[in-house]
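Enquirer: model.cif is reproduced below (mmCIF, C-alpha atoms (C1' of nucleotides)).
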data_my_file
loop_
_atom_site.label_atom_id
_atom_site.label_comp_id
_atom_site.auth_asym_id
_atom_site.auth_seq_id
_atom_site.Cartn_x
_atom_site.Cartn_y
_atom_site.Cartn_z
CA MET A 675 -54.56 9.53 -13.27
CA ASP A 676 -53.83 10.31 -16.88
CA THR A 677 -50.09 10.35 -17.22
CA ILE A 678 -50.39 11.60 -20.78
CA ARG A 679 -52.35 14.65 -21.87
CA PRO A 680 -55.43 13.57 -23.73
CA THR A 681 -55.44 16.24 -26.43
CA SER A 682 -52.65 14.76 -28.51
CA ARG A 683 -54.21 11.35 -28.35
CA ASP A 684 -57.55 12.69 -29.48
CA ALA A 685 -56.01 14.70 -32.27
CA ILE A 686 -54.20 11.63 -33.54
CA LEU A 687 -57.34 9.53 -33.45
CA GLU A 688 -59.31 12.16 -35.30
CA ALA A 689 -56.61 12.60 -37.93
CA ALA A 690 -56.33 8.85 -38.32
CA PHE A 691 -60.05 8.53 -38.90
CA GLN A 692 -60.07 11.22 -41.54
CA THR A 693 -56.94 10.05 -43.32
CA PHE A 694 -57.52 6.31 -43.19
CA SER A 695 -61.11 6.75 -44.34
CA LYS A 696 -59.78 8.20 -47.54
CA ARG A 697 -56.68 6.05 -47.85
CA PRO A 698 -56.34 3.00 -45.62
CA GLY A 699 -52.68 2.64 -46.61
CA ALA A 700 -51.61 6.05 -45.39
CA SER A 701 -48.36 6.20 -43.40
CA LEU A 702 -48.15 7.03 -39.73
CA ALA A 703 -46.05 10.06 -40.60
CA GLU A 704 -48.96 11.35 -42.61
CA ILE A 705 -51.33 10.81 -39.69
CA ALA A 706 -48.98 12.61 -37.33
CA ASP A 707 -48.67 15.56 -39.71
CA HIS A 708 -52.41 15.76 -40.14
CA ALA A 709 -52.78 15.74 -36.37
CA GLY A 710 -50.19 18.50 -35.97
CA VAL A 711 -48.07 16.19 -33.88
CA GLY A 712 -44.60 14.71 -34.05
CA ARG A 713 -44.19 11.22 -35.34
CA ALA A 714 -42.57 10.16 -32.07
CA THR A 715 -45.59 11.35 -30.12
CA LEU A 716 -47.83 9.11 -32.16
CA HIS A 717 -45.68 6.14 -31.22
CA ARG A 718 -45.65 7.18 -27.57
CA HIS A 719 -49.42 7.03 -27.53
CA PHE A 720 -50.03 3.96 -29.61
CA GLY A 721 -46.80 2.06 -29.94
CA SER A 722 -47.54 0.49 -33.26
CA ARG A 723 -49.74 0.83 -36.27
CA GLU A 724 -51.70 -2.18 -35.15
CA ALA A 725 -52.33 -0.63 -31.74
CA LEU A 726 -53.56 2.53 -33.40
CA MET A 727 -55.96 0.57 -35.55
CA ALA A 728 -57.29 -1.28 -32.53
CA ALA A 729 -57.83 2.01 -30.73
CA LEU A 730 -59.67 3.37 -33.75
CA ALA A 731 -61.93 0.34 -33.83
CA GLN A 732 -62.63 0.64 -30.12
CA THR A 733 -63.34 4.36 -30.40
CA ALA A 734 -65.64 3.94 -33.37
CA ARG A 735 -67.58 1.21 -31.64
CA ASP A 736 -68.00 3.31 -28.52
CA GLU A 737 -69.18 6.25 -30.59
CA LEU A 738 -71.65 4.06 -32.40
CA ASN A 739 -73.08 2.52 -29.27
CA ASP A 740 -73.35 5.89 -27.54
CA ALA A 741 -75.13 7.39 -30.53
CA VAL A 742 -77.53 4.48 -30.80
CA ASP A 743 -78.27 4.46 -27.08
CA ALA A 744 -78.93 8.19 -27.10
CA ALA A 745 -81.20 7.92 -30.12
CA VAL A 746 -83.15 4.91 -28.95
CA GLY A 747 -83.51 6.12 -25.38
CA ASN A 748 -86.33 4.31 -23.65
CA THR A 749 -88.33 3.68 -26.82
CA VAL A 750 -90.53 0.68 -26.21
CA SER A 751 -91.27 -0.21 -29.83
CA HIS A 752 -88.42 -2.20 -31.34
CA THR A 753 -89.50 -0.95 -34.74
CA ASP A 754 -89.12 2.63 -33.57
CA GLY A 755 -85.78 1.76 -32.05
CA LEU A 756 -84.51 0.45 -35.34
CA ARG A 757 -85.75 3.54 -37.15
CA ARG A 758 -84.09 5.91 -34.73
CA ALA A 759 -80.88 3.93 -34.66
CA LEU A 760 -80.73 4.00 -38.43
CA ALA A 761 -80.95 7.77 -38.51
CA ALA A 762 -78.34 8.05 -35.78
CA ILE A 763 -75.84 5.79 -37.49
CA ILE A 764 -75.87 7.51 -40.88
CA PRO A 765 -73.48 10.32 -39.88
CA LEU A 766 -71.09 7.75 -38.41
CA ALA A 767 -71.16 5.43 -41.36
CA GLU A 768 -67.84 6.48 -42.84
CA ARG A 769 -65.91 5.55 -39.73
CA GLN A 770 -67.67 2.24 -39.35
CA TRP A 771 -67.07 1.73 -42.96
CA PHE A 772 -63.33 1.73 -43.20
CA LEU A 773 -63.19 -0.46 -40.13
CA ALA A 774 -65.18 -3.09 -41.96
CA GLN A 775 -62.13 -3.67 -44.16
CA GLU A 776 -60.80 -6.78 -42.60
CA PRO A 777 -57.18 -5.93 -41.76
CA VAL A 778 -58.68 -4.44 -38.61
CA LEU A 779 -60.90 -7.42 -37.96
CA GLN A 780 -57.88 -9.66 -37.50
CA ASN A 781 -57.94 -8.61 -33.85
CA PRO A 782 -60.03 -11.27 -32.08
CA ALA A 783 -61.51 -8.91 -29.49
CA ILE A 784 -62.63 -6.50 -32.18
CA GLU A 785 -64.08 -9.22 -34.32
CA ALA A 786 -65.96 -10.59 -31.33
CA ALA A 787 -67.46 -7.17 -30.65
CA TYR A 788 -68.47 -6.87 -34.29
CA VAL A 789 -70.16 -10.25 -34.24
CA ALA A 790 -71.97 -9.35 -31.03
CA ASP A 791 -73.25 -6.12 -32.55
CA GLN A 792 -74.56 -7.94 -35.59
CA ALA A 793 -76.28 -10.47 -33.36
CA ALA A 794 -77.93 -7.64 -31.42
CA LEU A 795 -79.18 -6.18 -34.68
CA CYS A 796 -80.64 -9.53 -35.67
CA THR A 797 -82.37 -9.82 -32.32
CA ALA A 798 -83.92 -6.39 -32.72
CA ILE A 799 -85.09 -7.34 -36.20
CA GLU A 800 -86.72 -10.48 -34.85
CA GLU A 801 -88.59 -8.36 -32.33
CA ALA A 802 -89.69 -5.99 -35.07
CA LYS A 803 -90.89 -9.00 -37.03
CA ALA A 804 -93.05 -9.89 -34.04
CA GLU A 805 -94.40 -6.35 -34.15
CA GLY A 806 -95.46 -6.91 -37.73
CA THR A 807 -92.90 -4.59 -39.28
CA PHE A 808 -91.06 -7.20 -41.33
CA ASP A 809 -92.21 -10.17 -43.32
CA PRO A 810 -91.49 -13.27 -41.23
CA ASN A 811 -90.70 -15.18 -44.41
CA VAL A 812 -87.68 -13.01 -45.17
CA PRO A 813 -84.46 -14.25 -43.57
CA THR A 814 -83.48 -12.07 -40.65
CA ARG A 815 -79.95 -11.83 -41.88
CA TRP A 816 -81.06 -10.44 -45.21
CA ILE A 817 -82.92 -7.73 -43.36
CA ALA A 818 -79.81 -7.00 -41.33
CA GLU A 819 -77.63 -6.83 -44.43
CA THR A 820 -80.13 -4.53 -46.08
CA TYR A 821 -80.24 -2.37 -42.98
CA ASP A 822 -76.48 -1.92 -43.00
CA SER A 823 -76.31 -1.45 -46.75
CA LEU A 824 -78.97 1.22 -46.80
CA ILE A 825 -77.21 3.11 -44.03
CA PHE A 826 -74.12 3.17 -46.19
CA ALA A 827 -76.10 4.29 -49.22
CA ALA A 828 -77.72 7.03 -47.19
CA TRP A 829 -74.38 8.22 -45.91
CA GLU A 830 -73.06 8.46 -49.47
CA MET A 831 -75.99 10.60 -50.50
CA VAL A 832 -75.56 12.91 -47.53
CA ARG A 833 -71.82 13.15 -48.08
CA ASP A 834 -72.38 14.25 -51.66
CA ASP A 835 -75.03 16.76 -50.63
CA ALA A 836 -77.60 14.90 -52.70
CA LEU A 837 -79.90 14.65 -49.69
CA THR A 838 -80.17 15.99 -46.17
CA ALA A 839 -79.57 13.55 -43.33
CA ASP A 840 -83.29 13.48 -42.54
CA GLN A 841 -84.29 12.88 -46.14
CA ALA A 842 -81.78 10.07 -46.47
CA ALA A 843 -82.93 8.46 -43.24
CA ASP A 844 -86.56 8.61 -44.33
CA LEU A 845 -85.79 7.11 -47.73
CA ALA A 846 -83.70 4.35 -46.23
CA TRP A 847 -86.43 3.52 -43.74
CA ARG A 848 -89.10 3.55 -46.41
CA THR A 849 -87.03 1.29 -48.62
CA LEU A 850 -86.42 -1.13 -45.78
CA THR A 851 -89.93 -1.33 -44.35
CA ARG A 852 -91.86 -1.29 -47.62
CA GLY A 853 -89.39 -3.60 -49.29
CA LEU A 854 -89.34 -6.15 -46.50
CA GLY A 855 -92.58 -5.39 -44.71
CA THR A 856 -95.84 -7.29 -44.60
CA GLU A 857 -97.86 -4.80 -46.66
CA GLY A 858 -99.89 -6.49 -49.35
CA LEU A 859 -99.29 -9.92 -47.83
CA ALA A 860 -102.36 -9.90 -45.60
CA GLY A 861 -104.13 -12.38 -47.83
CA LYS A 862 -101.43 -15.00 -47.59
CA THR A 863 -102.03 -17.81 -45.15
CA MET B 1178 -49.94 -10.82 -82.82
CA ASP B 1179 -49.47 -11.39 -79.12
CA THR B 1180 -45.79 -11.02 -78.40
CA ILE B 1181 -46.39 -12.27 -74.87
CA ARG B 1182 -48.17 -15.47 -73.97
CA PRO B 1183 -51.51 -14.66 -72.50
CA THR B 1184 -51.63 -17.32 -69.81
CA SER B 1185 -49.20 -15.61 -67.44
CA ARG B 1186 -51.00 -12.32 -67.82
CA ASP B 1187 -54.34 -13.91 -67.06
CA ALA B 1188 -52.95 -15.83 -64.10
CA ILE B 1189 -51.56 -12.61 -62.67
CA LEU B 1190 -54.82 -10.75 -63.13
CA GLU B 1191 -56.77 -13.54 -61.50
CA ALA B 1192 -54.36 -13.76 -58.56
CA ALA B 1193 -54.43 -10.00 -58.19
CA PHE B 1194 -58.21 -9.96 -58.05
CA GLN B 1195 -58.30 -12.65 -55.41
CA THR B 1196 -55.51 -11.24 -53.29
CA PHE B 1197 -56.36 -7.56 -53.52
CA SER B 1198 -60.00 -8.28 -52.78
CA LYS B 1199 -58.95 -9.61 -49.43
CA ARG B 1200 -56.07 -7.23 -48.75
CA PRO B 1201 -55.71 -4.17 -50.99
CA GLY B 1202 -52.24 -3.52 -49.59
CA ALA B 1203 -50.78 -6.83 -50.66
CA SER B 1204 -47.35 -6.73 -52.26
CA LEU B 1205 -46.65 -7.55 -55.87
CA ALA B 1206 -44.42 -10.40 -54.74
CA GLU B 1207 -47.43 -11.91 -53.07
CA ILE B 1208 -49.49 -11.56 -56.24
CA ALA B 1209 -46.75 -13.18 -58.30
CA ASP B 1210 -46.49 -16.08 -55.87
CA HIS B 1211 -50.22 -16.60 -55.86
CA ALA B 1212 -50.16 -16.60 -59.66
CA GLY B 1213 -47.35 -19.15 -59.73
CA VAL B 1214 -45.19 -16.69 -61.60
CA GLY B 1215 -41.88 -14.93 -61.04
CA ARG B 1216 -41.90 -11.41 -59.75
CA ALA B 1217 -40.00 -10.25 -62.81
CA THR B 1218 -42.68 -11.66 -65.08
CA LEU B 1219 -45.29 -9.62 -63.33
CA HIS B 1220 -43.28 -6.49 -64.04
CA ARG B 1221 -42.74 -7.53 -67.66
CA HIS B 1222 -46.48 -7.65 -68.14
CA PHE B 1223 -47.55 -4.65 -66.16
CA GLY B 1224 -44.52 -2.51 -65.48
CA SER B 1225 -45.78 -0.97 -62.28
CA ARG B 1226 -48.28 -1.48 -59.54
CA GLU B 1227 -50.33 1.37 -60.90
CA ALA B 1228 -50.44 -0.22 -64.35
CA LEU B 1229 -51.61 -3.48 -62.82
CA MET B 1230 -54.38 -1.70 -60.97
CA ALA B 1231 -55.50 0.03 -64.13
CA ALA B 1232 -55.56 -3.30 -65.96
CA LEU B 1233 -57.62 -4.80 -63.18
CA ALA B 1234 -60.11 -1.98 -63.38
CA GLN B 1235 -60.36 -2.33 -67.15
CA THR B 1236 -60.78 -6.09 -66.92
CA ALA B 1237 -63.43 -5.88 -64.25
CA ARG B 1238 -65.39 -3.31 -66.21
CA ASP B 1239 -65.24 -5.44 -69.34
CA GLU B 1240 -66.39 -8.48 -67.42
CA LEU B 1241 -69.25 -6.52 -65.92
CA ASN B 1242 -70.42 -5.11 -69.21
CA ASP B 1243 -70.19 -8.47 -70.92
CA ALA B 1244 -72.16 -10.17 -68.16
CA VAL B 1245 -74.82 -7.47 -68.19
CA ASP B 1246 -75.11 -7.50 -71.97
CA ALA B 1247 -75.43 -11.27 -72.00
CA ALA B 1248 -78.05 -11.22 -69.28
CA VAL B 1249 -80.11 -8.39 -70.68
CA GLY B 1250 -79.94 -9.61 -74.27
CA ASN B 1251 -82.69 -8.05 -76.31
CA THR B 1252 -85.08 -7.63 -73.41
CA VAL B 1253 -87.47 -4.83 -74.28
CA SER B 1254 -88.67 -4.03 -70.78
CA HIS B 1255 -86.23 -1.81 -68.95
CA THR B 1256 -87.58 -3.16 -65.71
CA ASP B 1257 -86.75 -6.68 -66.78
CA GLY B 1258 -83.36 -5.53 -67.93
CA LEU B 1259 -82.60 -4.12 -64.51
CA ARG B 1260 -83.75 -7.31 -62.85
CA ARG B 1261 -81.62 -9.52 -65.05
CA ALA B 1262 -78.61 -7.26 -64.76
CA LEU B 1263 -78.90 -7.34 -60.98
CA ALA B 1264 -78.78 -11.12 -60.91
CA ALA B 1265 -75.87 -11.14 -63.33
CA ILE B 1266 -73.79 -8.67 -61.33
CA ILE B 1267 -74.08 -10.40 -57.97
CA PRO B 1268 -71.34 -12.98 -58.65
CA LEU B 1269 -69.06 -10.19 -59.87
CA ALA B 1270 -69.69 -7.89 -56.93
CA GLU B 1271 -66.48 -8.65 -55.08
CA ARG B 1272 -64.29 -7.53 -57.96
CA GLN B 1273 -66.30 -4.39 -58.53
CA TRP B 1274 -66.13 -3.87 -54.88
CA PHE B 1275 -62.46 -3.52 -54.20
CA LEU B 1276 -62.18 -1.32 -57.26
CA ALA B 1277 -64.56 1.14 -55.68
CA GLN B 1278 -61.82 1.93 -53.17
CA GLU B 1279 -60.59 5.19 -54.54
CA PRO B 1280 -56.86 4.63 -54.97
CA VAL B 1281 -57.87 3.06 -58.29
CA LEU B 1282 -60.23 5.84 -59.19
CA GLN B 1283 -57.38 8.32 -59.32
CA ASN B 1284 -56.95 7.29 -62.93
CA PRO B 1285 -59.03 9.77 -64.96
CA ALA B 1286 -60.00 7.29 -67.68
CA ILE B 1287 -61.20 4.77 -65.13
CA GLU B 1288 -63.12 7.35 -63.18
CA ALA B 1289 -64.76 8.56 -66.38
CA ALA B 1290 -65.86 5.02 -67.22
CA TYR B 1291 -67.24 4.62 -63.72
CA VAL B 1292 -69.22 7.83 -63.98
CA ALA B 1293 -70.56 6.78 -67.39
CA ASP B 1294 -71.72 3.44 -66.00
CA GLN B 1295 -73.51 5.14 -63.14
CA ALA B 1296 -75.20 7.50 -65.58
CA ALA B 1297 -76.35 4.56 -67.68
CA LEU B 1298 -77.82 2.96 -64.59
CA CYS B 1299 -79.69 6.17 -63.78
CA THR B 1300 -81.05 6.33 -67.31
CA ALA B 1301 -82.31 2.76 -67.09
CA ILE B 1302 -83.95 3.58 -63.78
CA GLU B 1303 -85.69 6.58 -65.32
CA GLU B 1304 -87.06 4.31 -68.03
CA ALA B 1305 -88.25 1.83 -65.43
CA LYS B 1306 -89.93 4.72 -63.63
CA ALA B 1307 -91.79 5.42 -66.85
CA GLU B 1308 -92.84 1.77 -66.89
CA GLY B 1309 -94.36 2.21 -63.46
CA THR B 1310 -91.79 0.13 -61.62
CA PHE B 1311 -90.45 2.88 -59.37
CA ASP B 1312 -92.09 5.71 -57.55
CA PRO B 1313 -91.40 8.89 -59.56
CA ASN B 1314 -91.17 10.84 -56.31
CA VAL B 1315 -88.09 8.93 -55.19
CA PRO B 1316 -84.81 10.48 -56.41
CA THR B 1317 -83.30 8.39 -59.18
CA ARG B 1318 -79.93 8.48 -57.55
CA TRP B 1319 -81.31 6.98 -54.37
CA ILE B 1320 -82.69 4.12 -56.42
CA ALA B 1321 -79.29 3.68 -58.06
CA GLU B 1322 -77.49 3.69 -54.72
CA THR B 1323 -79.97 1.18 -53.36
CA TYR B 1324 -79.51 -0.98 -56.44
CA ASP B 1325 -75.75 -1.08 -55.97
CA SER B 1326 -75.99 -1.56 -52.22
CA LEU B 1327 -78.38 -4.46 -52.48
CA ILE B 1328 -76.14 -6.15 -55.02
CA PHE B 1329 -73.33 -5.96 -52.50
CA ALA B 1330 -75.56 -7.25 -49.72
CA ALA B 1331 -76.68 -10.13 -51.92
CA TRP B 1332 -73.11 -11.00 -52.77
CA GLU B 1333 -72.19 -11.14 -49.09
CA MET B 1334 -75.03 -13.54 -48.40
CA VAL B 1335 -74.04 -15.78 -51.28
CA ARG B 1336 -70.38 -15.69 -50.30
CA ASP B 1337 -71.25 -16.85 -46.79
CA ASP B 1338 -73.53 -19.59 -48.11
CA ALA B 1339 -76.48 -17.99 -46.39
CA LEU B 1340 -78.44 -17.93 -49.65
CA THR B 1341 -78.16 -19.26 -53.17
CA ALA B 1342 -77.47 -16.77 -55.93
CA ASP B 1343 -81.05 -17.03 -57.14
CA GLN B 1344 -82.51 -16.54 -53.70
CA ALA B 1345 -80.33 -13.52 -53.09
CA ALA B 1346 -81.23 -12.00 -56.45
CA ASP B 1347 -84.94 -12.49 -55.77
CA LEU B 1348 -84.72 -10.95 -52.32
CA ALA B 1349 -82.73 -7.98 -53.59
CA TRP B 1350 -85.20 -7.39 -56.40
CA ARG B 1351 -88.14 -7.68 -54.05
CA THR B 1352 -86.56 -5.25 -51.62
CA LEU B 1353 -85.83 -2.78 -54.38
CA THR B 1354 -89.15 -2.89 -56.20
CA ARG B 1355 -91.42 -3.12 -53.19
CA GLY B 1356 -89.41 -0.60 -51.25
CA LEU B 1357 -89.26 1.95 -54.02
CA GLY B 1358 -92.19 0.91 -56.18
CA THR B 1359 -95.55 2.50 -56.68
CA GLU B 1360 -97.56 -0.17 -54.84
CA GLY B 1361 -100.03 1.30 -52.41
CA LEU B 1362 -99.62 4.77 -53.88
CA ALA B 1363 -102.41 4.42 -56.44
CA GLY B 1364 -104.73 6.59 -54.39
CA LYS B 1365 -102.38 9.56 -54.39
CA THR B 1366 -103.14 12.39 -56.85
"C1'" DT C 130 -38.77 29.78 -9.09
"C1'" DA C 131 -37.89 24.92 -9.60
"C1'" DT C 132 -39.44 20.64 -11.26
"C1'" DC C 133 -41.80 17.37 -13.94
"C1'" DC C 134 -43.39 15.64 -18.06
"C1'" DA C 135 -45.23 15.64 -22.63
"C1'" DT C 136 -43.55 17.07 -26.71
"C1'" DG C 137 -40.90 18.06 -31.32
"C1'" DA C 138 -37.10 17.33 -34.04
"C1'" DG C 139 -34.42 14.24 -35.82
"C1'" DA C 140 -30.85 10.48 -35.95
"C1'" DC C 141 -30.68 5.60 -36.40
"C1'" DA C 142 -31.36 0.71 -37.58
"C1'" DT C 143 -34.36 -2.36 -39.76
"C1'" DA C 144 -37.64 -4.26 -42.79
"C1'" DT C 145 -40.15 -4.38 -46.83
"C1'" DA C 146 -41.77 -3.01 -51.53
"C1'" DT C 147 -40.61 -1.52 -55.94
"C1'" DG C 148 -38.50 -1.50 -60.33
"C1'" DT C 149 -34.46 -2.85 -63.21
"C1'" DC C 150 -31.22 -5.92 -64.87
"C1'" DT C 151 -28.75 -10.31 -66.04
"C1'" DC C 152 -28.43 -15.00 -67.23
"C1'" DA C 153 -29.64 -19.66 -67.70
"C1'" DT C 154 -33.65 -22.55 -68.77
"C1'" DT C 155 -37.87 -23.81 -70.87
"C1'" DT C 156 -41.39 -23.68 -74.20
"C1'" DG C 157 -43.52 -23.30 -78.55
"C1'" DA C 158 -43.58 -22.51 -83.43
"C1'" DG C 159 -41.65 -23.33 -87.83
"C1'" DC D 1256 -34.41 -30.10 -84.71
"C1'" DT D 1257 -33.62 -25.07 -84.27
"C1'" DC D 1258 -34.33 -20.70 -82.89
"C1'" DA D 1259 -36.66 -16.99 -80.78
"C1'" DA D 1260 -39.47 -15.56 -77.15
"C1'" DA D 1261 -41.05 -16.02 -72.51
"C1'" DT D 1262 -39.89 -17.26 -68.17
"C1'" DG D 1263 -37.72 -18.05 -63.27
"C1'" DA D 1264 -34.32 -17.08 -60.10
"C1'" DG D 1265 -32.04 -13.82 -58.09
"C1'" DA D 1266 -28.82 -9.76 -57.61
"C1'" DC D 1267 -29.08 -4.86 -57.14
"C1'" DA D 1268 -30.25 -0.03 -56.12
"C1'" DT D 1269 -33.69 2.82 -54.30
"C1'" DA D 1270 -37.43 4.47 -51.71
"C1'" DT D 1271 -40.40 4.40 -47.99
"C1'" DA D 1272 -42.44 2.90 -43.52
"C1'" DT D 1273 -41.71 1.47 -38.99
"C1'" DG D 1274 -40.15 1.54 -34.37
"C1'" DT D 1275 -36.59 3.10 -31.02
"C1'" DC D 1276 -33.76 6.36 -29.03
"C1'" DT D 1277 -31.77 10.84 -27.54
"C1'" DC D 1278 -31.87 15.52 -26.38
"C1'" DA D 1279 -33.44 20.08 -25.99
"C1'" DT D 1280 -37.73 22.87 -25.28
"C1'" DG D 1281 -41.79 24.60 -23.33
"C1'" DG D 1282 -45.69 24.61 -20.40
"C1'" DA D 1283 -47.99 23.47 -16.20
"C1'" DT D 1284 -47.85 22.74 -11.39
"C1'" DA D 1285 -46.23 22.86 -6.77
#
Just dump the structure as structure tokens.
Expert:
Amino acid sequence: MDTIRPTSRDAILEAAFQTFSKRPGASLAEIADHAGVGRATLHRHFGSREALMAALAQTARDELNDAVDAAVGNTVSHTDGLRRALAAIIPLAERQWFLAQEPVLQNPAIEAAYVADQAALCTAIEEAKAEGTFDPNVPTRWIAETYDSLIFAAWEMVRDDALTADQAADLAWRTLTRGLGTEGLAGKT
Amino acid sequence: MDTIRPTSRDAILEAAFQTFSKRPGASLAEIADHAGVGRATLHRHFGSREALMAALAQTARDELNDAVDAAVGNTVSHTDGLRRALAAIIPLAERQWFLAQEPVLQNPAIEAAYVADQAALCTAIEEAKAEGTFDPNVPTRWIAETYDSLIFAAWEMVRDDALTADQAADLAWRTLTRGLGTEGLAGKT
DNA sequence: TATCCATGAGACATATATGTCTCATTTGAG
DNA sequence: CTCAAATGAGACATATATGTCTCATGGATA
């Protein structure tokens, strides 16, 4: 059914991720070069810069959801799910990252997906609160922001070879759960 | 001594901060418009886009250092200094933020200043470790990354009116010190 | 082998950003 | 008031990015 060979498309997407992550203003010619592909081919696949960006956002979201689903599996504990998802997202943080710059979020469908993902995170955090993992007095959204921020921090450390992925994930999880957990609050009404 | 009136320059810098924060690729014409200034005037003051970016970076760094110095004052406790600095930086986070995008960091002088600031933060964290605020087993750089990340998270919450500046600062400090503190580790060797 | 189709190279028109320059006007200081 | 400096408007040349189009090539398939 594919009327166009997939390899060029994939190469362009990969090159776009790598190049735009470092310089969001890079030209399409640069992307095409990096992908080892003619500039015309890039336009055949994506039509416009905007279409390419939308495809990148879609691809990144799919990758993220696949990784999270695979990591969480059929874990019953929401707390465990959040911990595993955190570790799984760290290696993907860079791609998610450059997409968070809003020029991409102009697209309504993409923004809607982003909002839905954030809502899902908040729901999971509420469940973990019920499991006693987080202090109910801390706003759920602050926990979510911290969750995302620590993933980014962990990715930076791993990128710079300051920590292994496992070490970074453990530190991030420790920071999150001790910082926002219920430990030491048992005495409070 | 000023051969050029300062008001235009300041208006341009302010407009550039606001506009570039939202869209780093904005044109200089857009900046000039936003500043209520002719495009030629912008070039008279800054010569080139690159020069403008360097001026923005310099200005932002000065603002940050001034705010931190004012907040820290003659506080003797390094822990307290870090807490006060955190609260002081939150309102400035957006400006620091867009400067972290690397096109600006190409400038060697600016990058050097950035590295020096990070080193100063790490030194302060080491001192706070000595004061018992942070777990000595946690890498200092992880604490620094967490510090920066939580400032950004706090700024986002304040920007969206989800929290007041004070609430956000308290939550960030709690997350940092409980998450990476020595509480509950007393029993360990 | 013959055919189809994605591709690469590159021409082309268009749009936009950048930086320079000129000139008339305004503003502020003396 | 007078003059010098800063400014705004806009022309101008240049560079670069974008998107479209054409045509020849090469590989895969029937």
Enquirer: Rounded to one decimal place, report the CA of Glu1303 in chain B-CA of Thr1317 in chain B distance in Å.
Expert: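 Value for the CA of Glu1303 in chain B-CA of Thr1317 in chain B distance: 6.8 Å.
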Enquirer: Would you kindly translate the PyMOL selection byres ((chain D) within 9 of (chain A)) into the concrete residues it picks from this file, as a ChimeraX atom specification?
Expert: /D:1272-1274
Enquirer: Next, write the just-selected residues to a file, as a tab-separated table (two decimals), in the frame of the given file, keeping C-alpha atoms (C1' of nucleotides) as the atom set.
Expert:
chain	number	residue	atom	x	y	z
D	1272	DA	C1'	-42.44	2.90	-43.52
D	1273	DT	C1'	-41.71	1.47	-38.99
D	1274	DG	C1'	-40.15	1.54	-34.37
Enquirer: Rounded to one decimal place, report the CA of Ile1267 in chain B-CA of Trp1332 in chain B distance in Å.
Expert: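 Value for the CA of Ile1267 in chain B-CA of Trp1332 in chain B distance: 5.3 Å.
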Enquirer: Residues of chain A within 6 Å of chain B, using all atoms listed in the file, as a PyMOL selection string?
Expert: chain A and resi 819+823+827+849+852-854
Enquirer: Please compute the CA of Gln841 in chain A-CA of Leu766 in chain A distance, one decimal, in Å.
Expert: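 Between CA of Gln841 in chain A and CA of Leu766 in chain A the gap is 16.1 Å.
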Enquirer: Which residues of chain C sit at most 8 Å from chain A, using all atoms listed in the file? Give each one's shortest atom pair and distance in Å (one decimal place), in chain and ascending residue order, as JSON lines.
Expert:
{"residue": "C:DA135", "atom": "C1'", "partner": "A:Ile678", "partner_atom": "CA", "distance": 6.8}
{"residue": "C:DT136", "atom": "C1'", "partner": "A:Thr715", "partner_atom": "CA", "distance": 7.0}
{"residue": "C:DG137", "atom": "C1'", "partner": "A:Gly712", "partner_atom": "CA", "distance": 5.7}
{"residue": "C:DA138", "atom": "C1'", "partner": "A:Gly712", "partner_atom": "CA", "distance": 7.9}
Enquirer: Please enumerate the residues selected by the PyMOL selection byres ((chain C and resi 149) around 9) when evaluated against the supplied file, formatted as a count of residues only.
Expert: 4
Enquirer: Could you write out as a list in words the residues that the PyMOL selection byres ((chain D and resi 1276) around 9) matches in the shown file?
Expert: DA140 and DC141 of chain C; DT1275 and DT1277 of chain D
Enquirer: Would you mind exporting C-alpha atoms (C1' of nucleotides) of the selected residues as a compact mmCIF listing (two decimals), in the frame of the given file?
Expert:
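The resulting file, out-v9.txt, is reproduced below:
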# COMPACT_ATOMS: atom_id res chain seq x y z
C1' DA C 140 -30.85 10.48 -35.95
C1' DC C 141 -30.68 5.60 -36.40
C1' DT D 1275 -36.59 3.10 -31.02
C1' DT D 1277 -31.77 10.84 -27.54
Enquirer: Within 12 Å of Ala729 in chain A, counting all atoms listed in the file, which residues qualify if same-chain residues fewer than 6 places away don't, as an NGL selection string?
Expert: :A and (683-684 or 686-688 or 690-691 or 719-723 or 735-736 or 773 or 778 or 781 or 783-784)
Enquirer: Starting from the point (-35.8, -19.6, -72.9), work out which residues of protein, DNA or RNA have an atom no more than 10 Å away when counting all atoms listed in the file; state them as a VMD selection string.
Expert: (chain C and resid 153 to 156) or (chain D and resid 1259 to 1263)
